[in-house]
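Participant: If it helps, the file is called structure.cif and holds mmCIF, C-alpha atoms:
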data_target
#
loop_
_atom_site.label_atom_id
_atom_site.label_comp_id
_atom_site.auth_asym_id
_atom_site.auth_seq_id
_atom_site.Cartn_x
_atom_site.Cartn_y
_atom_site.Cartn_z
CA ASP L 1 126.75 101.24 139.52
CA TYR L 2 130.16 102.16 140.99
CA LEU L 3 129.36 105.87 141.31
CA SER L 4 125.81 105.38 142.54
CA ASN L 5 126.89 103.02 145.36
CA ASN L 6 130.04 104.90 146.39
CA THR L 7 129.56 107.16 149.43
CA ASN L 8 132.47 109.43 148.45
CA ASP L 9 130.99 112.38 146.53
CA LEU L 10 134.39 113.02 144.94
CA ALA L 11 134.68 109.54 143.42
CA GLN L 12 135.14 109.65 139.67
CA ILE L 13 135.71 107.37 136.72
CA GLU L 14 138.25 108.06 133.99
CA VAL L 15 137.13 106.41 130.76
CA LYS L 16 140.05 105.76 128.41
CA LYS L 17 139.09 104.71 124.91
CA PHE L 18 141.61 103.04 122.64
CA ILE L 19 140.54 102.76 119.00
CA GLU L 20 142.21 100.50 116.47
CA TRP L 21 141.45 100.97 112.78
CA LYS L 22 143.65 99.12 110.35
CA GLY L 23 144.02 100.77 106.97
CA TRP L 24 142.74 104.21 107.96
CA GLU L 25 145.74 105.74 106.14
CA GLU L 26 144.14 104.73 102.83
CA LEU L 27 140.96 106.54 103.87
CA ALA L 28 142.99 109.65 104.74
CA THR L 29 144.59 109.55 101.29
CA ASN L 30 141.16 109.22 99.64
CA ILE L 31 139.83 112.18 101.64
CA LYS L 32 142.78 114.40 100.72
CA THR L 33 142.50 113.45 97.04
CA GLN L 34 138.75 114.11 96.96
CA ILE L 35 139.11 117.56 98.58
CA ARG L 36 141.98 118.54 96.26
CA GLN L 37 140.01 117.40 93.19
CA ALA L 38 137.12 119.57 94.39
CA GLY L 39 139.36 122.62 94.11
CA TYR L 40 140.99 123.15 97.51
CA VAL L 41 144.66 124.18 97.19
CA GLY L 42 145.71 124.62 100.86
CA VAL L 43 147.25 122.21 103.35
CA ILE L 44 145.04 119.25 104.26
CA ASP L 45 145.61 117.35 107.49
CA VAL L 46 143.59 114.19 108.18
CA ARG L 47 144.16 112.56 111.57
CA HIS L 48 142.82 109.51 113.32
CA SER L 49 142.74 109.81 117.10
CA ASN L 50 143.47 106.39 118.51
CA GLN L 51 143.10 107.39 122.16
CA GLU L 52 140.54 109.48 124.00
CA SER L 53 140.02 110.15 127.69
CA MET L 54 136.98 111.45 129.58
CA MET L 55 136.26 112.04 133.26
CA VAL L 56 132.88 111.10 134.77
CA TYR L 57 132.04 112.80 138.07
CA LYS L 58 129.20 112.18 140.49
CA ASN L 59 126.30 114.54 139.99
CA ARG L 60 126.04 115.76 143.59
CA HIS L 61 125.95 119.34 144.85
CA TRP L 62 129.21 119.02 146.78
CA ALA L 63 131.07 117.39 143.87
CA ASN L 64 129.70 119.92 141.37
CA PHE L 65 130.72 122.79 143.65
CA LEU L 66 134.28 121.51 144.14
CA HIS L 67 134.81 120.70 140.44
CA SER L 68 133.48 124.04 139.18
CA ARG L 69 135.91 126.51 137.64
CA THR L 70 134.52 129.31 139.78
CA THR L 71 135.42 127.49 143.00
CA LYS L 72 138.93 126.80 141.71
CA VAL L 73 139.44 130.43 140.69
CA LEU L 74 138.15 131.77 144.02
CA CYS L 75 140.37 129.38 145.95
CA ALA L 76 143.40 130.32 143.85
CA LEU L 77 142.73 134.04 144.33
CA SER L 78 142.21 133.84 148.08
CA ILE L 79 145.21 133.69 150.39
CA PHE L 80 144.43 130.42 152.16
CA GLY L 81 141.78 128.91 149.89
CA TRP L 82 144.11 126.94 147.65
CA MET L 83 146.04 125.59 150.65
CA ILE L 84 142.78 124.07 151.91
CA TYR L 85 141.25 123.10 148.55
CA GLN L 86 144.22 121.23 147.08
CA PRO L 87 144.97 118.90 150.05
CA TYR L 88 141.24 118.23 150.53
CA MET L 89 140.84 117.22 146.88
CA TRP L 90 144.02 115.15 147.02
CA LEU L 91 142.79 113.27 150.10
CA ARG L 92 139.14 112.77 149.06
CA GLN L 93 139.23 112.39 145.28
CA ARG L 94 139.40 108.76 144.12
CA THR L 95 139.67 107.84 140.46
CA THR L 96 138.84 104.48 138.96
CA VAL L 97 140.20 103.98 135.45
CA LEU L 98 138.01 102.18 132.93
CA ARG L 99 139.88 101.08 129.79
CA CYS L 100 137.83 100.36 126.67
CA LYS L 101 139.34 98.95 123.50
CA TYR L 102 137.51 99.30 120.22
CA ARG L 103 138.35 97.93 116.80
CA VAL L 104 136.69 99.45 113.75
CA ASP L 105 135.73 96.48 111.62
CA CYS L 106 134.48 98.32 108.57
CA SER L 107 136.35 98.14 105.30
CA ILE L 108 137.67 101.40 103.92
CA ASP L 109 135.58 100.91 100.75
CA ASN L 110 132.35 100.60 102.75
CA TYR L 111 133.17 103.66 104.85
CA TRP L 112 134.27 105.65 101.81
CA ALA L 113 130.89 105.00 100.17
CA LEU L 114 129.22 106.68 103.17
CA ILE L 115 131.29 109.88 103.13
CA GLN L 116 132.65 110.52 99.64
CA ASP L 117 129.70 112.62 98.44
CA LYS L 118 129.86 114.76 101.59
CA LEU L 119 133.41 116.06 101.02
CA SER L 120 133.87 119.49 99.48
CA PRO L 121 136.56 122.21 99.35
CA GLN L 122 135.00 123.58 102.57
CA GLY L 123 135.50 120.25 104.38
CA PHE L 124 133.03 117.64 105.55
CA ALA L 125 129.35 118.52 105.22
CA ALA L 126 127.19 116.07 107.17
CA ALA L 127 123.61 115.73 105.96
CA ALA L 128 120.75 117.08 108.04
CA ALA L 129 118.37 114.52 109.55
CA GLY L 130 115.78 115.00 106.80
CA ASP L 131 118.41 114.91 104.05
CA PHE L 132 119.88 111.68 105.35
CA SER L 133 116.64 109.73 105.17
CA ARG L 134 115.90 111.09 101.69
CA ASN L 135 119.42 110.21 100.49
CA SER L 136 119.12 106.73 101.96
CA ASP L 137 115.79 106.19 100.18
CA SER L 138 117.16 107.36 96.83
CA ARG L 139 120.23 105.12 97.19
CA ARG L 140 118.00 102.18 98.06
CA ALA L 141 115.93 102.86 94.95
CA GLU L 142 119.09 102.95 92.83
CA GLY L 143 120.35 99.73 94.43
CA ARG L 144 123.49 101.35 95.87
CA LEU L 145 122.69 100.82 99.55
#
Please render this file's structure as structure tokens.
Facilitator:
Amino acid sequence: DYLSNNTNDLAQIEVKKFIEWKGWEELATNIKTQIRQAGYVGVIDVRHSNQESMMVYKNRHWANFLHSRTTKVLCALSIFGWMIYQPYMWLRQRTTVLRCKYRVDCSIDNYWALIQDKLSPQGFAAAAAGDFSRNSDSRRAEGRL
């Protein structure tokens, strides 16, 4: 609603996500162990990103033009373009920060059950849409889901 009612075409929202997941280190250890047992001998790095940021711009012609890489490159290459572009953006661009905090409330055992059969020496192999429904049905039949 903020962007649709704001008359400034250069208004934007910065969405900052903060994710808390207690015990994810145990999951990382399980993943490394599973991949090593599958035959991988290289370095394995499992990371949990606890912060993510994303910019949301208005979808207007003027905003799209000014935020495009082509416009920025042309302004930087011209003699006076950047001296006009940069102050204009500084004066007109307004950012509202939206902070979102998430807590993953899924036990490591429950999450591990979802991914353990998808880990291989090549990494993580997510199931295709058709495979997922078939796997879910077979697990339900076996009483594992």
Participant: Could you state the separation of atom CA of Ile19 of chain L and atom CA of Val56 of chain L in Å, given to one decimal place?
Facilitator: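 Spanning atom CA of Ile19 of chain L to atom CA of Val56 of chain L is a straight-line distance of 19.4 Å.
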Participant: Written as an mmCIF file with C-alpha atoms, keeping the file's coordinate frame, which residues does the PyMOL selection byres ((chain L and resi 99-112) around 8) give for the file shown?
Facilitator:
data_model
loop_
_atom_site.group_PDB
_atom_site.id
_atom_site.type_symbol
_atom_site.label_atom_id
_atom_site.label_comp_id
_atom_site.auth_asym_id
_atom_site.auth_seq_id
_atom_site.Cartn_x
_atom_site.Cartn_y
_atom_site.Cartn_z
ATOM 1 C CA VAL L 15 137.130 106.410 130.760
ATOM 2 C CA LYS L 16 140.050 105.760 128.410
ATOM 3 C CA LYS L 17 139.090 104.710 124.910
ATOM 4 C CA PHE L 18 141.610 103.040 122.640
ATOM 5 C CA ILE L 19 140.540 102.760 119.000
ATOM 6 C CA GLU L 20 142.210 100.500 116.470
ATOM 7 C CA TRP L 21 141.450 100.970 112.780
ATOM 8 C CA LYS L 22 143.650 99.120 110.350
ATOM 9 C CA GLY L 23 144.020 100.770 106.970
ATOM 10 C CA TRP L 24 142.740 104.210 107.960
ATOM 11 C CA GLU L 26 144.140 104.730 102.830
ATOM 12 C CA LEU L 27 140.960 106.540 103.870
ATOM 13 C CA VAL L 97 140.200 103.980 135.450
ATOM 14 C CA LEU L 98 138.010 102.180 132.930
ATOM 15 C CA ALA L 113 130.890 105.000 100.170
ATOM 16 C CA LEU L 114 129.220 106.680 103.170
ATOM 17 C CA ILE L 115 131.290 109.880 103.130
ATOM 18 C CA GLN L 116 132.650 110.520 99.640
#
Participant: Find, counting only C-alpha atoms, the residue in L:Ala76, L:Leu3, L:Leu10, L:Ile35 that gets nearest to Lys118 of chain L.
Facilitator: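 Among the listed residues, L:Ile35 lies closest to Lys118 of chain L.
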Participant: For the file shown, what are the residues hit by the PyMOL selection byres ((chain L and resi 85) around 10), laid out as an MDAnalysis selection string?
Facilitator: chainID L and resid 66 71:72 75:76 80:84 86:90
Participant: Quick check on the file I pasted: which residues fall under the PyMOL selection byres ((chain L and resi 47) around 10)? Write them as a PyMOL selection string.
Facilitator: chain L and resi 24-25+28+44-46+48-50
Participant: Hey, can you check how far atom CA of Asp1 of chain L sits from atom CA of His67 of chain L?
Facilitator: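 A separation of 21.1 Å between them.
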Participant: Which residue gives the smallest distance to Leu91 of chain L among L:Ser53, L:Arg36, L:Ala11, L:Tyr2, with all atoms listed in the file counted?
Facilitator: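 Distance minimum relative to Leu91 of chain L lands on L:Ala11.
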Participant: One decimal, Å: what's the distance from atom CA of Val73 of chain L over to atom CA of Lys58 of chain L, could you say?
Facilitator: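 According to the coordinates, atom CA of Val73 of chain L and atom CA of Lys58 of chain L are separated by 20.9 Å.
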Participant: Which is closest to Arg60 of chain L among L:Val43, L:Thr7, L:Asp117, L:Ala125, if we use all atoms listed in the file?
Facilitator: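 Among L:Val43, L:Thr7, L:Asp117, L:Ala125, it is L:Thr7 that comes nearest to Arg60 of chain L.
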Participant: Rank nothing, just name the residue among L:Leu119, L:Met55, L:Ala38, L:Asn30 nearest to Arg94 of chain L, using only C-alpha atoms.
Facilitator: L:Met55
Participant: Counting all atoms listed in the file, which residue out of L:Phe124, L:Phe65, L:Tyr57, L:Tyr40 sits closest to Asn6 of chain L?
Facilitator: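 Of L:Phe124, L:Phe65, L:Tyr57, L:Tyr40, the one nearest Asn6 of chain L is L:Tyr57, counting all atoms listed in the file.
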Participant: I'd like the contact shell of Gly39 of chain L - 12 Å cut-off, only C-alpha atoms, skipping same-chain residues fewer than 3 positions apart - returned as a PyMOL selection string.
Facilitator: chain L and resi 32-36+42+119-123
Participant: Box along x, y and z, 8 Å on every side, all listed atoms of segment 67-82 of chain L inside: centre and edge lengths in Å to one decimal, as lines of an AutoDock Vina configuration file.
Facilitator:
center_x = 139.3
center_y = 127.4
center_z = 144.9
size_x = 27.7
size_y = 29.3
size_z = 30.5
